[in-house]
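Notes follow once the structure below has been shown.
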Amino acid sequence: MQIKDFKIDPNLKERTEHRTVILPVACYETTISQNIHGHIPLHWHDEIQFVRMVKGEAVFQINEDKINLRRGEGIFINSGCLHMAEEMNKSGCVYICLNVSPHFVVPRELHATHVAPYIQATNLPYLHIDSNQAWGKTILDAMMNIHDCIQRKPLHFEIDVTMHLTCIWKNLIMNCFQLTYDPMEAAKSDRMKQMLGWIDIHYTEKITLDDIARAGQLSRSECCRYFKRMLNTTPLNYVIDYRLQKSLLLLQQDGSNVTEVAYKVGFNSTSYFIERFKKLMNMTPLAFKKLNNK
């Protein structure tokens, strides 16, 4: 079942518990347009994630890279990596998402040698999975088998799920590349999370560039470079967009008022809120509210 409004912590870590009753595994179908934000917002989680596109196309951003995925293609997203997804060309994008605890993909005794080096590698934030390659097709087919097992829950399906997961992981690491760990790259990711988390806590307040840079222990110029490289925007424009995303949730509540919502999410001008909202959503906040409160 798709989660249309998953919760995230102030540091953008997703709070969803990805598991069945017994297994630390979740596999479900996601329609991007059905998310309450209209896209999959920026977040991260400890689980590793595999995606298989079943309809349409989308652009996934993992850390600072953007990858276009079409029907039949897939991607591996590593533990702890910031990522988001947007539908492309109003294609009705649907994908299968498999999230699993890194500690569950192989027996515990094999984790240190066969899993830990891969989830700790700073040069493996993601891996494109090509269905035209034998190893890629094996991974994508195994994903569908897991999805089917979890949906139907045949007798002893948990054993089948573990078998398919082992197959997926073996094919991934056999067709990976030389792993590296760069402490500087790891620090960049942590600093970005710190800045985004600080914004999540303080977005209703007056925010300056100095505030954001201080949260990441960076200079103003370095802070701007981080946001440009990873999010292709400026820190203060990110704050505006973040406030607008928060306003979408409030506008859908019964009895909400456009002016009150504007001030609640940190705008000090209703007219400026309406102007920026219209630019983002191609409609006014009031039109959005009426459309979503029928």
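Labels used: A, B, ... for chains in the order of the structure tokens, numbers from 1 for residues in each chain, and numbers from 1 for ligands as shown.
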*Would you return as an MDAnalysis selection string the members of region 134-257 of chain A that DSSP assigns to alpha helix (DSSP H) on this structure's backbone?*
chainID A and resid 134:152 157:174 183:202 209:215 220:231 235:251
Export of prior selection with C-alpha atoms as a PDB file, in the first residue's frame:
```
ATOM      1  CA  ALA A 134      21.383 -10.243 -17.544  1.00  0.00           C
ATOM      2  CA  TRP A 135      22.304  -9.245 -13.982  1.00  0.00           C
ATOM      3  CA  GLY A 136      19.946  -6.254 -14.109  1.00  0.00           C
ATOM      4  CA  LYS A 137      17.053  -8.338 -15.403  1.00  0.00           C
ATOM      5  CA  THR A 138      17.677 -10.884 -12.623  1.00  0.00           C
ATOM      6  CA  ILE A 139      17.454  -8.130  -9.973  1.00  0.00           C
ATOM      7  CA  LEU A 140      14.300  -6.571 -11.441  1.00  0.00           C
ATOM      8  CA  ASP A 141      12.589  -9.953 -11.824  1.00  0.00           C
ATOM      9  CA  ALA A 142      13.467 -10.861  -8.223  1.00  0.00           C
ATOM     10  CA  MET A 143      11.928  -7.583  -7.083  1.00  0.00           C
ATOM     11  CA  MET A 144       8.645  -8.495  -8.756  1.00  0.00           C
ATOM     12  CA  ASN A 145       8.779 -11.933  -7.158  1.00  0.00           C
ATOM     13  CA  ILE A 146       9.180 -10.311  -3.721  1.00  0.00           C
ATOM     14  CA  HIS A 147       6.295  -7.947  -4.442  1.00  0.00           C
ATOM     15  CA  ASP A 148       4.123 -10.906  -5.442  1.00  0.00           C
ATOM     16  CA  CYS A 149       5.117 -12.881  -2.327  1.00  0.00           C
ATOM     17  CA  ILE A 150       4.277 -10.020   0.026  1.00  0.00           C
ATOM     18  CA  GLN A 151       0.970  -9.334  -1.720  1.00  0.00           C
ATOM     19  CA  ARG A 152      -0.226 -12.973  -1.839  1.00  0.00           C
ATOM     20  CA  PHE A 157       6.598 -16.780   1.762  1.00  0.00           C
ATOM     21  CA  GLU A 158       9.137 -15.240   4.147  1.00  0.00           C
ATOM     22  CA  ILE A 159      11.678 -17.860   3.084  1.00  0.00           C
ATOM     23  CA  ASP A 160      11.033 -17.049  -0.568  1.00  0.00           C
ATOM     24  CA  VAL A 161      11.562 -13.347   0.151  1.00  0.00           C
ATOM     25  CA  THR A 162      14.939 -14.008   1.783  1.00  0.00           C
ATOM     26  CA  MET A 163      16.017 -16.159  -1.172  1.00  0.00           C
ATOM     27  CA  HIS A 164      15.121 -13.443  -3.667  1.00  0.00           C
ATOM     28  CA  LEU A 165      16.891 -10.787  -1.558  1.00  0.00           C
ATOM     29  CA  THR A 166      20.087 -12.841  -1.502  1.00  0.00           C
ATOM     30  CA  CYS A 167      19.855 -13.202  -5.279  1.00  0.00           C
ATOM     31  CA  ILE A 168      19.377  -9.431  -5.694  1.00  0.00           C
ATOM     32  CA  TRP A 169      22.336  -8.558  -3.491  1.00  0.00           C
ATOM     33  CA  LYS A 170      24.671 -11.102  -5.058  1.00  0.00           C
ATOM     34  CA  ASN A 171      23.927  -9.788  -8.556  1.00  0.00           C
ATOM     35  CA  LEU A 172      24.403  -6.206  -7.401  1.00  0.00           C
ATOM     36  CA  ILE A 173      27.799  -6.670  -5.775  1.00  0.00           C
ATOM     37  CA  MET A 174      29.084  -8.956  -8.555  1.00  0.00           C
ATOM     38  CA  PRO A 183      35.773  10.974   4.639  1.00  0.00           C
ATOM     39  CA  MET A 184      35.379  14.369   2.962  1.00  0.00           C
ATOM     40  CA  GLU A 185      32.489  13.113   0.848  1.00  0.00           C
ATOM     41  CA  ALA A 186      30.845  11.558   3.894  1.00  0.00           C
ATOM     42  CA  ALA A 187      31.202  14.876   5.734  1.00  0.00           C
ATOM     43  CA  LYS A 188      29.531  16.738   2.830  1.00  0.00           C
ATOM     44  CA  SER A 189      26.475  14.516   3.085  1.00  0.00           C
ATOM     45  CA  ASP A 190      26.287  14.997   6.857  1.00  0.00           C
ATOM     46  CA  ARG A 191      26.596  18.778   6.571  1.00  0.00           C
ATOM     47  CA  MET A 192      23.857  18.917   3.962  1.00  0.00           C
ATOM     48  CA  LYS A 193      21.569  16.911   6.228  1.00  0.00           C
ATOM     49  CA  GLN A 194      22.381  19.244   9.116  1.00  0.00           C
ATOM     50  CA  MET A 195      21.437  22.320   7.080  1.00  0.00           C
ATOM     51  CA  LEU A 196      18.244  20.784   5.717  1.00  0.00           C
ATOM     52  CA  GLY A 197      17.321  19.567   9.182  1.00  0.00           C
ATOM     53  CA  TRP A 198      17.874  23.025  10.636  1.00  0.00           C
ATOM     54  CA  ILE A 199      15.575  24.509   7.982  1.00  0.00           C
ATOM     55  CA  ASP A 200      12.910  21.930   8.823  1.00  0.00           C
ATOM     56  CA  ILE A 201      12.943  23.067  12.452  1.00  0.00           C
ATOM     57  CA  HIS A 202      13.089  26.831  11.800  1.00  0.00           C
ATOM     58  CA  LEU A 209      21.918  32.748   4.709  1.00  0.00           C
ATOM     59  CA  ASP A 210      24.211  33.097   7.725  1.00  0.00           C
ATOM     60  CA  ASP A 211      21.819  30.955   9.793  1.00  0.00           C
ATOM     61  CA  ILE A 212      21.851  28.129   7.257  1.00  0.00           C
ATOM     62  CA  ALA A 213      25.622  28.265   6.741  1.00  0.00           C
ATOM     63  CA  ARG A 214      26.169  28.177  10.499  1.00  0.00           C
ATOM     64  CA  ALA A 215      24.021  25.039  10.784  1.00  0.00           C
ATOM     65  CA  ARG A 220      28.267  31.610   3.179  1.00  0.00           C
ATOM     66  CA  SER A 221      29.907  30.858  -0.175  1.00  0.00           C
ATOM     67  CA  GLU A 222      30.456  27.174   0.640  1.00  0.00           C
ATOM     68  CA  CYS A 223      26.857  26.895   1.806  1.00  0.00           C
ATOM     69  CA  CYS A 224      25.661  28.298  -1.519  1.00  0.00           C
ATOM     70  CA  ARG A 225      27.886  25.876  -3.424  1.00  0.00           C
ATOM     71  CA  TYR A 226      26.444  22.920  -1.486  1.00  0.00           C
ATOM     72  CA  PHE A 227      22.875  23.878  -2.365  1.00  0.00           C
ATOM     73  CA  LYS A 228      23.746  24.627  -5.979  1.00  0.00           C
ATOM     74  CA  ARG A 229      25.545  21.317  -6.427  1.00  0.00           C
ATOM     75  CA  MET A 230      23.094  19.071  -4.570  1.00  0.00           C
ATOM     76  CA  LEU A 231      19.754  20.804  -5.122  1.00  0.00           C
ATOM     77  CA  PRO A 235      19.658  28.189   0.198  1.00  0.00           C
ATOM     78  CA  LEU A 236      17.015  30.906   0.532  1.00  0.00           C
ATOM     79  CA  ASN A 237      15.078  29.735  -2.532  1.00  0.00           C
ATOM     80  CA  TYR A 238      15.074  26.262  -0.997  1.00  0.00           C
ATOM     81  CA  VAL A 239      13.554  27.761   2.164  1.00  0.00           C
ATOM     82  CA  ILE A 240      10.789  29.409   0.100  1.00  0.00           C
ATOM     83  CA  ASP A 241      10.035  26.177  -1.752  1.00  0.00           C
ATOM     84  CA  TYR A 242      10.053  24.254   1.526  1.00  0.00           C
ATOM     85  CA  ARG A 243       7.547  26.679   3.034  1.00  0.00           C
ATOM     86  CA  LEU A 244       5.345  26.286  -0.029  1.00  0.00           C
ATOM     87  CA  GLN A 245       5.435  22.491   0.295  1.00  0.00           C
ATOM     88  CA  LYS A 246       4.403  22.798   3.952  1.00  0.00           C
ATOM     89  CA  SER A 247       1.547  25.089   2.925  1.00  0.00           C
ATOM     90  CA  LEU A 248       0.083  22.375   0.688  1.00  0.00           C
ATOM     91  CA  LEU A 249      -0.689  20.275   3.756  1.00  0.00           C
ATOM     92  CA  LEU A 250      -2.265  23.144   5.694  1.00  0.00           C
ATOM     93  CA  LEU A 251      -4.409  24.326   2.779  1.00  0.00           C
TER      94      LEU A 251
END
```
Contacts of region 106-136 of chain A with region 28-49 of chain A up to 12 Å, shortest pair per row, only C-alpha atoms, as JSON lines:
```
{"residue": "A:Val115", "atom": "CA", "partner": "A:Ile48", "partner_atom": "CA", "distance": 10.7}
{"residue": "A:Ala116", "atom": "CA", "partner": "A:Ile48", "partner_atom": "CA", "distance": 11.7}
{"residue": "A:Tyr118", "atom": "CA", "partner": "A:Ile48", "partner_atom": "CA", "distance": 10.5}
{"residue": "A:Ile119", "atom": "CA", "partner": "A:Ile48", "partner_atom": "CA", "distance": 8.1}
{"residue": "A:Gln120", "atom": "CA", "partner": "A:Asp46", "partner_atom": "CA", "distance": 11.4}
{"residue": "A:Leu124", "atom": "CA", "partner": "A:Ile48", "partner_atom": "CA", "distance": 11.6}
{"residue": "A:Pro125", "atom": "CA", "partner": "A:Ile48", "partner_atom": "CA", "distance": 10.1}
{"residue": "A:Tyr126", "atom": "CA", "partner": "A:Gln49", "partner_atom": "CA", "distance": 9.3}
{"residue": "A:Leu127", "atom": "CA", "partner": "A:Gln49", "partner_atom": "CA", "distance": 10.6}
```
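Comparing the minimum interatomic distances between Arg70 (chain A) and each of A:Pro154, A:Gly56, A:Pro117, A:Gly92, counting only C-alpha atoms, we find that A:Gly56 sits nearest.
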Enumerate as a compact mmCIF listing (two decimals) with N, CA and C atoms, in the first residue's frame all residues of region 88-213 of chain A assigned to strand (DSSP E) by DSSP on the backbone, naming them with the chain letters and numbers the document uses.
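Generated file (states-v2.txt):
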```txt
# COMPACT_ATOMS: atom_id res chain seq x y z
N VAL A 94 4.51 5.15 -12.31
CA VAL A 94 4.28 4.17 -11.25
C VAL A 94 5.53 3.31 -11.13
N TYR A 95 5.96 3.04 -9.91
CA TYR A 95 7.11 2.17 -9.74
C TYR A 95 6.94 1.27 -8.52
N ILE A 96 7.65 0.16 -8.56
CA ILE A 96 7.72 -0.75 -7.41
C ILE A 96 8.93 -0.34 -6.58
N CYS A 97 8.70 -0.19 -5.29
CA CYS A 97 9.76 0.24 -4.37
C CYS A 97 10.01 -0.88 -3.36
N LEU A 98 11.25 -1.31 -3.26
CA LEU A 98 11.65 -2.34 -2.30
C LEU A 98 12.64 -1.74 -1.33
N ASN A 99 12.26 -1.65 -0.06
CA ASN A 99 13.14 -1.15 1.00
C ASN A 99 13.47 -2.30 1.94
N VAL A 100 14.74 -2.42 2.29
CA VAL A 100 15.14 -3.53 3.15
C VAL A 100 16.30 -3.09 4.05
N TYR A 126 24.27 5.33 -5.62
CA TYR A 126 23.22 4.65 -6.40
C TYR A 126 23.87 3.83 -7.50
N LEU A 127 23.06 2.98 -8.11
CA LEU A 127 23.52 2.20 -9.26
C LEU A 127 22.34 1.99 -10.19
N HIS A 128 22.50 2.40 -11.44
CA HIS A 128 21.44 2.20 -12.44
C HIS A 128 21.34 0.71 -12.76
N ILE A 129 20.12 0.21 -12.83
CA ILE A 129 19.89 -1.21 -13.12
C ILE A 129 19.27 -1.33 -14.50
```
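Taking CA of Phe50 (chain A) and CA of Ile77 (chain A) as endpoints, the distance between them is 6.3 Å.
Put simply, CA of Cys27 (chain A) is 21.4 Å away from CA of Asn68 (chain A).
Between CA of Pro102 (chain A) and CA of Gly80 (chain A) the interatomic distance comes to 10.9 Å.
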